[in-house]
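Working notes for the structure below.
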Amino acid sequence: SSLGYGHGTCARYWTIAFSGGDFESHTPAQNVASMESGTDAHTRIQGLIKNTGMLKEIEREMKNAEPPIRGYADLILEIDGREIVGEIKTIKDSYYLQREQEMQPSPSHLLQVLIYIRIAGTDEGFVLYENKNSNELLSIPVAMSDKNREYMDYVFEWMKEVYDSWKNEVHVKRGYTKSTWQCKSCPVVKICNEMEPKGFKIENLKVGTND
């Protein structure tokens with residue numbers, strides 16, 4: 001889920017992570033509490049969907065070998081013999097209203113569910129948003145269209161290039177400058193700052209299909 005946001009779009013971050021660097025959390029206490037609340041919401045919503053009779057599986061492990069990917073899909077529904085991959089996200093009222101108006105997932109959420117759809121070998125998914133303020137629910141469908149399939153080809157090629165660079169011990173240049181929030185909030189920023197600033201340039205991952 002971190003791939004499409006902040007430091008997750010930086011190639012050097014992943015090469016450090018693959019090497020087992022020490023991670024330091026820069027998450028404010030209020031954000032930790034918010035994440036814990038989101039976990040509780042996931043459990044509650046998964047229980048509600050179970051009652052529909054369409055729920056096939058929760059927290060399915062999603063794994064890919066090359067490039068290496070490991071995550072957990074919140075929901076797998078089965079409708080008319082088709083598997084549909086779902087992700088649950090809890091968001092503030094202002095963001096919820098924006099999603100409701102646009103009827104499009106945020107770019108990072110779209111990226112996550114498309115990766116899971118591709119690994120699952122299906123063509124359909126959705127992002128289920130819960131409004132933290134009102135507990136309203138909004139389901140936004142996601143289809144593996146030709147455009148999204150092309151986008152996934154790009155994303156998987158980017159991940160493979162990053163992984164191959166790490167395997168071949170290629171020194172990758174940092175993707176952001178030290179003053180940016182992506183760097184300041186990065187869990188491996190200390191290690192990164194101690195490394196040689198120069199290196200092979202891999203462009204930051206582009207998130208979103210620019211619709």
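By order of appearance in the structure tokens: chains A, B, ..., then residues from 1 within every chain, and ligands from 1 in the order shown.
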
- Can you list, as a ChimeraX atom specification, every residue of segment 140-209 of chain A that DSSP puts in strand (DSSP E)? /A:140-143

Once you have the residues from the selection above, write them out as a compact mmCIF listing (two decimals), in the first residue's frame, restricted to N, CA, C and O atoms.
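Result written to part-v2.txt:
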# COMPACT_ATOMS: atom_id res chain seq x y z
N ILE A 140 -16.56 2.35 -5.23
CA ILE A 140 -16.17 2.83 -6.56
C ILE A 140 -15.57 1.66 -7.33
O ILE A 140 -14.53 1.10 -6.94
N PRO A 141 -16.22 1.25 -8.42
CA PRO A 141 -15.72 0.09 -9.19
C PRO A 141 -14.44 0.42 -9.94
O PRO A 141 -14.20 1.56 -10.35
N VAL A 142 -13.61 -0.60 -10.11
CA VAL A 142 -12.35 -0.48 -10.85
C VAL A 142 -12.28 -1.65 -11.83
O VAL A 142 -12.44 -2.80 -11.42
N ALA A 143 -12.07 -1.35 -13.09
CA ALA A 143 -11.98 -2.39 -14.12
C ALA A 143 -10.60 -2.40 -14.75
O ALA A 143 -9.97 -1.34 -14.90

- Message: So that I can check the surroundings of Thr52 of chain A, please list as a VMD selection string every protein, DNA and RNA residue that reaches within 12 Å of it, counting only C-alpha atoms and ignoring chain neighbours fewer than 4 positions away.
- Response: chain A and resid 45 to 48 56 77 to 79

- Message: Quick one: residues within 10 Å of Glu83 of chain A, only C-alpha atoms, excluding same-chain residues fewer than 2 positions away - as a ChimeraX atom specification?
- Response: /A:54-57,75-81,85-86,117,120-125

Save out the residues we just selected, N, CA, C and O atoms, as a short mmCIF file (atom, residue, chain, number, x, y, z; two decimals), in the first residue's frame.
data_model
loop_
_atom_site.label_atom_id
_atom_site.label_comp_id
_atom_site.auth_asym_id
_atom_site.auth_seq_id
_atom_site.Cartn_x
_atom_site.Cartn_y
_atom_site.Cartn_z
N MET A 54 -21.85 -12.81 -0.48
CA MET A 54 -20.96 -12.70 -1.64
C MET A 54 -19.49 -12.77 -1.26
O MET A 54 -18.62 -12.85 -2.13
N LEU A 55 -19.19 -12.73 0.03
CA LEU A 55 -17.80 -12.70 0.47
C LEU A 55 -17.17 -14.09 0.35
O LEU A 55 -17.66 -15.06 0.94
N LYS A 56 -16.10 -14.17 -0.41
CA LYS A 56 -15.39 -15.43 -0.58
C LYS A 56 -14.21 -15.53 0.38
O LYS A 56 -13.92 -16.61 0.91
N GLU A 57 -13.52 -14.40 0.59
CA GLU A 57 -12.30 -14.45 1.40
C GLU A 57 -11.96 -13.05 1.90
O GLU A 57 -12.25 -12.06 1.23
N LEU A 75 -10.75 -7.73 0.65
CA LEU A 75 -11.97 -8.48 0.32
C LEU A 75 -11.81 -9.20 -1.02
O LEU A 75 -11.27 -8.63 -1.96
N ILE A 76 -12.30 -10.42 -1.08
CA ILE A 76 -12.49 -11.12 -2.35
C ILE A 76 -13.96 -11.53 -2.39
O ILE A 76 -14.41 -12.34 -1.57
N LEU A 77 -14.70 -10.95 -3.33
CA LEU A 77 -16.10 -11.33 -3.51
C LEU A 77 -16.19 -12.33 -4.66
O LEU A 77 -15.33 -12.38 -5.54
N GLU A 78 -17.25 -13.11 -4.64
CA GLU A 78 -17.53 -14.00 -5.77
C GLU A 78 -18.95 -13.75 -6.21
O GLU A 78 -19.91 -13.97 -5.46
N ILE A 79 -19.09 -13.27 -7.45
CA ILE A 79 -20.39 -12.96 -8.02
C ILE A 79 -20.48 -13.62 -9.39
O ILE A 79 -19.67 -13.35 -10.28
N ASP A 80 -21.46 -14.50 -9.56
CA ASP A 80 -21.66 -15.23 -10.82
C ASP A 80 -20.38 -15.93 -11.27
O ASP A 80 -20.04 -15.93 -12.46
N GLY A 81 -19.65 -16.49 -10.30
CA GLY A 81 -18.44 -17.22 -10.62
C GLY A 81 -17.22 -16.37 -10.86
O GLY A 81 -16.13 -16.90 -11.12
N VAL A 85 -11.96 -8.11 -6.51
CA VAL A 85 -11.03 -7.72 -5.45
C VAL A 85 -11.45 -6.37 -4.88
O VAL A 85 -11.67 -5.41 -5.63
N GLY A 86 -11.54 -6.30 -3.55
CA GLY A 86 -11.95 -5.05 -2.91
C GLY A 86 -10.97 -4.57 -1.86
O GLY A 86 -10.37 -5.37 -1.14
N ILE A 117 -5.66 -6.82 -8.46
CA ILE A 117 -6.47 -7.39 -9.54
C ILE A 117 -5.58 -8.17 -10.50
O ILE A 117 -5.91 -9.27 -10.93
N ALA A 120 -4.32 -11.37 -8.88
CA ALA A 120 -5.42 -12.33 -8.74
C ALA A 120 -5.85 -12.92 -10.07
O ALA A 120 -6.55 -13.95 -10.11
N GLY A 121 -5.44 -12.29 -11.18
CA GLY A 121 -5.80 -12.81 -12.49
C GLY A 121 -7.25 -12.58 -12.86
O GLY A 121 -7.84 -13.34 -13.62
N THR A 122 -7.83 -11.50 -12.31
CA THR A 122 -9.21 -11.17 -12.63
C THR A 122 -9.24 -9.81 -13.31
O THR A 122 -8.20 -9.23 -13.61
N ASP A 123 -10.43 -9.30 -13.59
CA ASP A 123 -10.55 -8.03 -14.31
C ASP A 123 -11.35 -6.98 -13.55
O ASP A 123 -11.51 -5.87 -14.05
N GLU A 124 -11.83 -7.34 -12.36
CA GLU A 124 -12.73 -6.43 -11.66
C GLU A 124 -12.32 -6.23 -10.21
O GLU A 124 -11.80 -7.14 -9.56
N GLY A 125 -12.61 -5.04 -9.72
CA GLY A 125 -12.34 -4.73 -8.33
C GLY A 125 -13.11 -3.50 -7.91
O GLY A 125 -13.91 -2.95 -8.68
#

- Note on the structure: The residue from A:Val172, A:Cys183, A:Ala41, A:Met62 with the smallest atom-to-atom distance to Glu196 of chain A, counting only C-alpha atoms, is A:Val172

- as a count of residues only, which residues of segment 19-170 of chain A does DSSP assign to alpha helix (DSSP H)? 68
